[in-house]
Amino acid sequence: MRMLYTNCSVFTAAAPADPSRAEAFVVDGGRFSYVGDAASAAAAAGAGAATVDLGGAFVLPGVIDAHTHLLMTGQALGKVQLRDAVSLADLQERLRQAVRDTPDAPRVLGSGWLYSALDGAEPTRQLLDAAVPDRPVYLGANDLHSVWVNSAALAELGIGDSTPDPLGGRIGRDASGAADGLLYETAAVQIVWPALANAARDEDRDAWLESVFRHYAAAGVTGAVDMAVQDDDVAAFRRALARHGGTLPLRVKCHWLIHRRENTEANLAQVAQVAELAAELAEAGTGQWLQLCGIKIIIDGVIDSCTASMKEPYADGSSAEPIWDRDSLYPVVVAADAAGLQVALHAIGDEASDIALDALEEAVRVNGPAQPGHSARRHRIEHLETVTEANVQRLADLGVVASVQPVHADPAIQENWQAVVGDQRVGRAYPWTEFTGAGARLAISTDAPTAPYQALPNLYVAATRKSALDPGLPANLPQYALELADAICHATRDAAYSCRAEDSLGRIIPGQLADFTVLATDPLTAEPESLLANTVLLTVTGGETVFDNAAATLS
């Protein structure tokens with residue numbers, strides 16, 4: 001049915017420097033067919049169109065979370081929430097309460113703990129044993145790059161004092177060499193994640209996915225780039241397509257996580273598998289809803305646990321080697337590039353961004369220039385929390401997308417980050433405006449569940465560098481704040497660009513798919529703090545309403 005939406009202020013995100021507004025638009029066949037003034041839109045809609053009066057609301061293109069983890073987020077919504085735990089005692093009591101609430105649960109799962117909540121203590125298995133001694137406890141760190149476990153979980157995983165560290169990871173050990181309960185990087189990704197995945201059932205994954213669909217729709221999000229999929233994720237997406245009649249409430253673009261193995265042949269075999277699966281999904285005609293875009297490679301770790309690869313040591317004198325060195329990384333990036341896959345490279349430390357850019361330059365050297373131009377490759381570097389000024393320009397010159405997460409710069413979670421870096425590098429943390437100033441394309445996202453998934457608080461941090469978790473805190477390097485109109489474009493138009501979808505998504509213009517979000521008030525004419533109180537009234541994907549606040553019941 002043709003639909004006329006009128007009496008609204010439409011932010012079209014039509015062009016990088018275009019602040020144009022429209023008053024009304026027409027949706028026909030799941031696409032925008034007209035966008036403009038009210039009278040012309042009514043004429044274009046014709047007498048037979050249904051009319052929706054939006055009551056003066058603000059309309060923007062559907063938000064695309066350009067880096068997230070959907071099943072993990074759905075699962076995390078049901079875990080013990082620890083991001084706002086204020087002390088070690090608070091954290092321990094939340095775990096005890098989880099046992100009281102679900103006494104028959106085989107294990108306790110928690111999400112989002114921060115070093116700053118531990119009162120200066122090191123995260124050890126004994127601290128968790130004191131709260132829950134009788135069943136395994138698995139607590140994902142706020143950044144997802146380490147997992148804190150108790151003694152029962154170590155036993156369940158088969159990790160003992162003599163268990164060797166996996167390639168690219170580390171089993172934390174105390175002074176005597178005994179496993180202390182903290183599992184870093186690949187020890188989390190390649191040991192804990194598969195173990196917990198094997199403990200879950202398909203019906204669990206289906207429930208997580210439906211939960212995240214509902215929560216994202218209520219947050220005004222119409223698309224997502226899932227940045228670490230494996231077999232279980234793709235199978236769950238396919239089951240969701242079947243449940244929803246060949247569509248989804250959320251458009252999903254995927255990057256397959258490549259694990260570093262002992263030899264190049266095993267690494268390249270993973271790339272070949274991704275290319276085959278991407279072609280299979282494309283042939284199935286799922287592209288508007290489910291697409292495998294490329295690969296994800298985690299070059300280094302994170303600042304908070306001192307596993308990000310930095311050019312200079314941390315404040316305690318330690319340094320971290322990259323998970324992927326150049327010799328192991330180059331062949332994989334070259335092969336993925338040759339296969340037409342997008343490459344997304346996790347690089348948080350300034351040395352890691354060196355390695356990432358060197359690898360992408362190697363792909364150009366070996367495979368030749370893409371057609372037309374470098375932008376057709378559409379490779380990405382994720383996070384970029386610390387990066388040299390020279391590499392900001394290199395990234396822009398290569399046409400690489402800078403994929404950043406404003407919520408990671410929230411002042412409420414910066415205490416430990418700043419302490420472990422401990423020098424002048426803190427003054428150039430998360431330098432988003434340097435990327436745009438150099439001419440790079442910036443895509444913003446949440447990296448949920450490492451941070452809250454909601455779009456509006458993310459935009460608030462982007463535009464203010466202040467805290468969405470504790471708005472009373474001073475801004476974190478406010479010189480790097482984005483203009484709010486630009487931030488909205490980075491979360492819509494540029495997020496679509498980041499996954500090669502700019503021809504069909506990210507703008508409210510004729511011909512694009514009708515994905516849009518309706519807010520109660522116009523954030524561009526109010527104080528930035530209004531974003532934290534604004535309300536999503538309506539979320540529409542492909543012309544179909546997936547969230548209506550007037551009828552919403554979210555669980």
# chains A, B, ... in the order shown; residues from 1 in each chain; ligands from 1
call {"tool": "closest_atom_pairs", "arguments": {"of": "range 333-419 of chain A", "to": "range 467-471 of chain A", "cutoff": "8 Å", "atoms": "only C-alpha atoms", "output": "JSON lines"}}
result
{"residue": "A:Val407", "atom": "CA", "partner": "A:Ala468", "partner_atom": "CA", "distance": 8.0}
{"residue": "A:Asp410", "atom": "CA", "partner": "A:Ser467", "partner_atom": "CA", "distance": 4.8}
{"residue": "A:Pro411", "atom": "CA", "partner": "A:Ser467", "partner_atom": "CA", "distance": 5.3}
{"residue": "A:Ala412", "atom": "CA", "partner": "A:Ser467", "partner_atom": "CA", "distance": 6.0}
call {"tool": "write_last_selection", "arguments": {"atoms": "N, CA, C and O atoms", "output": "mmCIF file, in the first residue's frame"}}
result
data_model
loop_
_atom_site.group_PDB
_atom_site.id
_atom_site.type_symbol
_atom_site.label_atom_id
_atom_site.label_comp_id
_atom_site.auth_asym_id
_atom_site.auth_seq_id
_atom_site.Cartn_x
_atom_site.Cartn_y
_atom_site.Cartn_z
ATOM 1 N N VAL A 407 30.441 5.561 22.419
ATOM 2 C CA VAL A 407 30.206 5.110 23.790
ATOM 3 C C VAL A 407 31.461 4.553 24.454
ATOM 4 O O VAL A 407 31.517 4.477 25.683
ATOM 5 N N ASP A 410 32.991 7.302 26.627
ATOM 6 C CA ASP A 410 32.180 7.830 27.721
ATOM 7 C C ASP A 410 33.070 8.068 28.945
ATOM 8 O O ASP A 410 33.772 7.162 29.385
ATOM 9 N N PRO A 411 33.065 9.278 29.495
ATOM 10 C CA PRO A 411 33.938 9.557 30.656
ATOM 11 C C PRO A 411 33.734 8.617 31.825
ATOM 12 O O PRO A 411 34.673 8.405 32.618
ATOM 13 N N ALA A 412 32.562 8.018 31.955
ATOM 14 C CA ALA A 412 32.286 7.149 33.098
ATOM 15 C C ALA A 412 33.112 5.869 33.078
ATOM 16 O O ALA A 412 33.245 5.201 34.108
#
call {"tool": "select_by_dssp", "arguments": {"residues": "range 157-191 of chain A", "states": "strand (DSSP E)", "output": "list in words"}}
result
Gly169, Arg170, Ile171, Gly172, Arg173, Ala179, Asp180, Gly181, Leu182, Leu183, Tyr184 and Glu185 of chain A
call {"tool": "residues_around", "arguments": {"residues": "Glu483 in chain A", "least_positions_apart": "5", "cutoff": "10 Å", "atoms": "only C-alpha atoms", "output": "PDB file with N, CA, C and O atoms, in the first residue's frame"}}
result
ATOM      1  N   THR A 433      37.382  13.824  15.048  1.00  0.00           N
ATOM      2  CA  THR A 433      37.385  14.935  14.092  1.00  0.00           C
ATOM      3  C   THR A 433      38.679  14.993  13.274  1.00  0.00           C
ATOM      4  O   THR A 433      38.700  15.600  12.197  1.00  0.00           O
ATOM      5  N   LEU A 459      24.744   8.877  20.158  1.00  0.00           N
ATOM      6  CA  LEU A 459      24.832  10.161  19.470  1.00  0.00           C
ATOM      7  C   LEU A 459      25.153  11.284  20.457  1.00  0.00           C
ATOM      8  O   LEU A 459      25.879  12.229  20.126  1.00  0.00           O
ATOM      9  N   ALA A 462      28.797  11.202  21.083  1.00  0.00           N
ATOM     10  CA  ALA A 462      29.482  11.663  19.872  1.00  0.00           C
ATOM     11  C   ALA A 462      29.488  13.180  19.773  1.00  0.00           C
ATOM     12  O   ALA A 462      30.493  13.789  19.375  1.00  0.00           O
ATOM     13  N   ALA A 463      28.376  13.803  20.130  1.00  0.00           N
ATOM     14  CA  ALA A 463      28.216  15.243  19.937  1.00  0.00           C
ATOM     15  C   ALA A 463      28.708  16.080  21.111  1.00  0.00           C
ATOM     16  O   ALA A 463      28.846  17.299  20.978  1.00  0.00           O
ATOM     17  N   THR A 464      29.001  15.460  22.249  1.00  0.00           N
ATOM     18  CA  THR A 464      29.400  16.216  23.436  1.00  0.00           C
ATOM     19  C   THR A 464      30.686  15.729  24.079  1.00  0.00           C
ATOM     20  O   THR A 464      31.321  16.477  24.826  1.00  0.00           O
ATOM     21  N   ILE A 488      24.706  12.266  13.218  1.00  0.00           N
ATOM     22  CA  ILE A 488      23.551  11.528  12.675  1.00  0.00           C
ATOM     23  C   ILE A 488      23.890  10.963  11.309  1.00  0.00           C
ATOM     24  O   ILE A 488      23.560   9.808  10.992  1.00  0.00           O
ATOM     25  N   CYS A 489      24.575  11.757  10.481  1.00  0.00           N
ATOM     26  CA  CYS A 489      24.973  11.249   9.159  1.00  0.00           C
ATOM     27  C   CYS A 489      25.958  10.087   9.278  1.00  0.00           C
ATOM     28  O   CYS A 489      25.896   9.125   8.507  1.00  0.00           O
ATOM     29  N   LEU A 524      18.097  18.548  16.898  1.00  0.00           N
ATOM     30  CA  LEU A 524      18.960  19.572  16.332  1.00  0.00           C
ATOM     31  C   LEU A 524      18.550  20.979  16.743  1.00  0.00           C
ATOM     32  O   LEU A 524      19.294  21.937  16.507  1.00  0.00           O
TER      33      LEU A 524
END
call {"tool": "closest_residue", "arguments": {"among": "A:Ala44, A:Ile413, A:Ala315, A:Val302", "to": "Ala117 in chain A", "atoms": "only C-alpha atoms"}}
result
A:Ile413
call {"tool": "residues_around", "arguments": {"residues": "Val108 in chain A", "least_positions_apart": "5", "cutoff": "7 Å", "atoms": "only C-alpha atoms", "output": "count of residues only"}}
result
3
call {"tool": "closest_residue", "arguments": {"among": "A:Leu154, A:Ala175, A:Leu95, A:Ala24", "to": "Ala188 in chain A", "atoms": "only C-alpha atoms"}}
result
A:Leu154
call {"tool": "closest_atom_pairs", "arguments": {"of": "range 53-123 of chain A", "to": "range 441-447 of chain A", "cutoff": "7 Å", "atoms": "only C-alpha atoms", "output": "tab-separated table"}}
result
residue	atom	partner	partner_atom	distance
A:Asp65	CA	A:Ser445	CA	4.7
A:Ala66	CA	A:Ser445	CA	4.9
A:His67	CA	A:Asp447	CA	5.1
A:Thr68	CA	A:Asp447	CA	4.2
A:His69	CA	A:Asp447	CA	6.7
call {"tool": "atom_distance", "arguments": {"atom1": "CA of Ala50 in chain A", "atom2": "CA of Leu4 in chain A"}}
result
6.1 Å
call {"tool": "residues_around", "arguments": {"residues": "Asn263 in chain A", "least_positions_apart": "3", "cutoff": "8 Å", "atoms": "only C-alpha atoms", "output": "list in words"}}
result
Ala266, Asn267 and Ser328 of chain A
call {"tool": "write_last_selection", "arguments": {"atoms": "all heavy atoms", "output": "PDB file, in the first residue's frame"}}
result
ATOM      1  N   ALA A 266      46.161 -22.702   6.964  1.00  0.00           N
ATOM      2  CA  ALA A 266      44.943 -22.774   7.774  1.00  0.00           C
ATOM      3  C   ALA A 266      44.235 -21.430   7.828  1.00  0.00           C
ATOM      4  O   ALA A 266      42.998 -21.362   7.833  1.00  0.00           O
ATOM      5  CB  ALA A 266      45.278 -23.255   9.183  1.00  0.00           C
ATOM      6  N   ASN A 267      44.998 -20.349   7.839  1.00  0.00           N
ATOM      7  CA  ASN A 267      44.388 -19.022   7.828  1.00  0.00           C
ATOM      8  C   ASN A 267      43.679 -18.759   6.504  1.00  0.00           C
ATOM      9  O   ASN A 267      42.554 -18.252   6.466  1.00  0.00           O
ATOM     10  CB  ASN A 267      45.449 -17.948   8.069  1.00  0.00           C
ATOM     11  CG  ASN A 267      46.034 -18.006   9.470  1.00  0.00           C
ATOM     12  OD1 ASN A 267      45.399 -18.493  10.405  1.00  0.00           O
ATOM     13  ND2 ASN A 267      47.251 -17.511   9.624  1.00  0.00           N
ATOM     14  N   SER A 328      51.877 -13.038   9.374  1.00  0.00           N
ATOM     15  CA  SER A 328      50.657 -13.849   9.373  1.00  0.00           C
ATOM     16  C   SER A 328      49.485 -13.097   8.762  1.00  0.00           C
ATOM     17  O   SER A 328      48.599 -13.699   8.145  1.00  0.00           O
ATOM     18  CB  SER A 328      50.312 -14.275  10.806  1.00  0.00           C
ATOM     19  OG  SER A 328      50.062 -13.145  11.629  1.00  0.00           O
TER      20      SER A 328
END
call {"tool": "closest_residue", "arguments": {"among": "A:Val274, A:Gly301, A:Ser87, A:Pro452", "to": "Thr73 in chain A", "atoms": "only C-alpha atoms"}}
result
A:Pro452
call {"tool": "residues_around", "arguments": {"residues": "Asp202 in chain A", "least_positions_apart": "4", "cutoff": "12 Å", "atoms": "only C-alpha atoms", "output": "count of residues only"}}
result
17
call {"tool": "atom_distance", "arguments": {"atom1": "CA of Asp358 in chain A", "atom2": "CA of His145 in chain A"}}
result
23.9 Å
call {"tool": "decode", "arguments": {"residues": "range 220-253 of chain A", "atoms": "N, CA and C atoms", "output": "PDB file, in the first residue's frame"}}
result
ATOM      1  N   GLY A 220      15.259   2.527  17.575  1.00  0.00           N
ATOM      2  CA  GLY A 220      15.296   3.231  16.307  1.00  0.00           C
ATOM      3  C   GLY A 220      16.330   2.719  15.332  1.00  0.00           C
ATOM      4  N   VAL A 221      16.840   1.518  15.552  1.00  0.00           N
ATOM      5  CA  VAL A 221      17.886   0.935  14.707  1.00  0.00           C
ATOM      6  C   VAL A 221      17.248   0.007  13.685  1.00  0.00           C
ATOM      7  N   THR A 222      17.587   0.200  12.415  1.00  0.00           N
ATOM      8  CA  THR A 222      17.009  -0.609  11.337  1.00  0.00           C
ATOM      9  C   THR A 222      18.017  -1.515  10.650  1.00  0.00           C
ATOM     10  N   GLY A 223      19.305  -1.351  10.958  1.00  0.00           N
ATOM     11  CA  GLY A 223      20.324  -2.183  10.342  1.00  0.00           C
ATOM     12  C   GLY A 223      21.512  -2.354  11.261  1.00  0.00           C
ATOM     13  N   ALA A 224      22.276  -3.421  11.047  1.00  0.00           N
ATOM     14  CA  ALA A 224      23.433  -3.691  11.897  1.00  0.00           C
ATOM     15  C   ALA A 224      24.504  -4.413  11.100  1.00  0.00           C
ATOM     16  N   VAL A 225      25.760  -4.113  11.430  1.00  0.00           N
ATOM     17  CA  VAL A 225      26.899  -4.848  10.890  1.00  0.00           C
ATOM     18  C   VAL A 225      27.435  -5.712  12.020  1.00  0.00           C
ATOM     19  N   ASP A 226      27.227  -7.026  11.902  1.00  0.00           N
ATOM     20  CA  ASP A 226      27.641  -7.960  12.945  1.00  0.00           C
ATOM     21  C   ASP A 226      29.090  -8.332  12.698  1.00  0.00           C
ATOM     22  N   MET A 227      29.958  -8.040  13.673  1.00  0.00           N
ATOM     23  CA  MET A 227      31.398  -8.041  13.452  1.00  0.00           C
ATOM     24  C   MET A 227      32.159  -9.236  13.995  1.00  0.00           C
ATOM     25  N   ALA A 228      31.532 -10.370  14.158  1.00  0.00           N
ATOM     26  CA  ALA A 228      32.326 -11.537  14.570  1.00  0.00           C
ATOM     27  C   ALA A 228      31.506 -12.807  14.395  1.00  0.00           C
ATOM     28  N   VAL A 229      30.861 -12.969  13.252  1.00  0.00           N
ATOM     29  CA  VAL A 229      29.970 -14.122  13.127  1.00  0.00           C
ATOM     30  C   VAL A 229      30.759 -15.409  12.912  1.00  0.00           C
ATOM     31  N   GLN A 230      30.108 -16.503  13.317  1.00  0.00           N
ATOM     32  CA  GLN A 230      30.597 -17.860  13.086  1.00  0.00           C
ATOM     33  C   GLN A 230      29.390 -18.695  12.646  1.00  0.00           C
ATOM     34  N   ASP A 231      29.579 -20.005  12.572  1.00  0.00           N
ATOM     35  CA  ASP A 231      28.520 -20.877  12.061  1.00  0.00           C
ATOM     36  C   ASP A 231      27.207 -20.710  12.825  1.00  0.00           C
ATOM     37  N   ASP A 232      27.267 -20.659  14.164  1.00  0.00           N
ATOM     38  CA  ASP A 232      26.049 -20.564  14.962  1.00  0.00           C
ATOM     39  C   ASP A 232      25.265 -19.296  14.651  1.00  0.00           C
ATOM     40  N   ASP A 233      25.980 -18.192  14.427  1.00  0.00           N
ATOM     41  CA  ASP A 233      25.311 -16.929  14.137  1.00  0.00           C
ATOM     42  C   ASP A 233      24.571 -17.002  12.800  1.00  0.00           C
ATOM     43  N   VAL A 234      25.275 -17.465  11.760  1.00  0.00           N
ATOM     44  CA  VAL A 234      24.656 -17.515  10.437  1.00  0.00           C
ATOM     45  C   VAL A 234      23.466 -18.464  10.436  1.00  0.00           C
ATOM     46  N   ALA A 235      23.589 -19.602  11.114  1.00  0.00           N
ATOM     47  CA  ALA A 235      22.466 -20.532  11.201  1.00  0.00           C
ATOM     48  C   ALA A 235      21.277 -19.885  11.900  1.00  0.00           C
ATOM     49  N   ALA A 236      21.534 -19.100  12.947  1.00  0.00           N
ATOM     50  CA  ALA A 236      20.443 -18.423  13.656  1.00  0.00           C
ATOM     51  C   ALA A 236      19.782 -17.375  12.766  1.00  0.00           C
ATOM     52  N   PHE A 237      20.571 -16.644  11.982  1.00  0.00           N
ATOM     53  CA  PHE A 237      19.988 -15.659  11.070  1.00  0.00           C
ATOM     54  C   PHE A 237      19.109 -16.349  10.022  1.00  0.00           C
ATOM     55  N   ARG A 238      19.565 -17.485   9.531  1.00  0.00           N
ATOM     56  CA  ARG A 238      18.771 -18.200   8.529  1.00  0.00           C
ATOM     57  C   ARG A 238      17.462 -18.707   9.124  1.00  0.00           C
ATOM     58  N   ARG A 239      17.500 -19.193  10.346  1.00  0.00           N
ATOM     59  CA  ARG A 239      16.248 -19.614  10.982  1.00  0.00           C
ATOM     60  C   ARG A 239      15.314 -18.426  11.181  1.00  0.00           C
ATOM     61  N   ALA A 240      15.901 -17.262  11.511  1.00  0.00           N
ATOM     62  CA  ALA A 240      15.078 -16.061  11.682  1.00  0.00           C
ATOM     63  C   ALA A 240      14.422 -15.663  10.363  1.00  0.00           C
ATOM     64  N   LEU A 241      15.156 -15.755   9.271  1.00  0.00           N
ATOM     65  CA  LEU A 241      14.559 -15.471   7.967  1.00  0.00           C
ATOM     66  C   LEU A 241      13.357 -16.372   7.707  1.00  0.00           C
ATOM     67  N   ALA A 242      13.485 -17.632   8.043  1.00  0.00           N
ATOM     68  CA  ALA A 242      12.368 -18.562   7.846  1.00  0.00           C
ATOM     69  C   ALA A 242      11.185 -18.188   8.736  1.00  0.00           C
ATOM     70  N   ARG A 243      11.455 -17.812   9.985  1.00  0.00           N
ATOM     71  CA  ARG A 243      10.369 -17.440  10.902  1.00  0.00           C
ATOM     72  C   ARG A 243       9.638 -16.186  10.441  1.00  0.00           C
ATOM     73  N   HIS A 244      10.382 -15.272   9.827  1.00  0.00           N
ATOM     74  CA  HIS A 244       9.809 -13.975   9.455  1.00  0.00           C
ATOM     75  C   HIS A 244       9.409 -13.917   7.985  1.00  0.00           C
ATOM     76  N   GLY A 245       9.270 -15.058   7.356  1.00  0.00           N
ATOM     77  CA  GLY A 245       8.765 -15.082   5.990  1.00  0.00           C
ATOM     78  C   GLY A 245       9.708 -14.510   4.955  1.00  0.00           C
ATOM     79  N   GLY A 246      11.020 -14.676   5.176  1.00  0.00           N
ATOM     80  CA  GLY A 246      12.000 -14.227   4.197  1.00  0.00           C
ATOM     81  C   GLY A 246      12.511 -12.821   4.419  1.00  0.00           C
ATOM     82  N   THR A 247      12.027 -12.132   5.453  1.00  0.00           N
ATOM     83  CA  THR A 247      12.539 -10.822   5.822  1.00  0.00           C
ATOM     84  C   THR A 247      13.025 -10.873   7.264  1.00  0.00           C
ATOM     85  N   LEU A 248      13.552  -9.746   7.751  1.00  0.00           N
ATOM     86  CA  LEU A 248      13.966  -9.636   9.143  1.00  0.00           C
ATOM     87  C   LEU A 248      13.520  -8.268   9.669  1.00  0.00           C
ATOM     88  N   PRO A 249      13.344  -8.117  10.966  1.00  0.00           N
ATOM     89  CA  PRO A 249      13.051  -6.791  11.518  1.00  0.00           C
ATOM     90  C   PRO A 249      14.237  -5.840  11.429  1.00  0.00           C
ATOM     91  N   LEU A 250      15.418  -6.388  11.157  1.00  0.00           N
ATOM     92  CA  LEU A 250      16.668  -5.635  11.160  1.00  0.00           C
ATOM     93  C   LEU A 250      17.507  -6.144  10.000  1.00  0.00           C
ATOM     94  N   ARG A 251      18.025  -5.238   9.181  1.00  0.00           N
ATOM     95  CA  ARG A 251      18.915  -5.675   8.089  1.00  0.00           C
ATOM     96  C   ARG A 251      20.290  -6.008   8.668  1.00  0.00           C
ATOM     97  N   VAL A 252      20.821  -7.160   8.298  1.00  0.00           N
ATOM     98  CA  VAL A 252      22.054  -7.652   8.920  1.00  0.00           C
ATOM     99  C   VAL A 252      23.137  -7.832   7.857  1.00  0.00           C
ATOM    100  N   LYS A 253      24.248  -7.160   8.060  1.00  0.00           N
ATOM    101  CA  LYS A 253      25.463  -7.348   7.269  1.00  0.00           C
ATOM    102  C   LYS A 253      26.500  -7.987   8.194  1.00  0.00           C
TER     103      LYS A 253
END
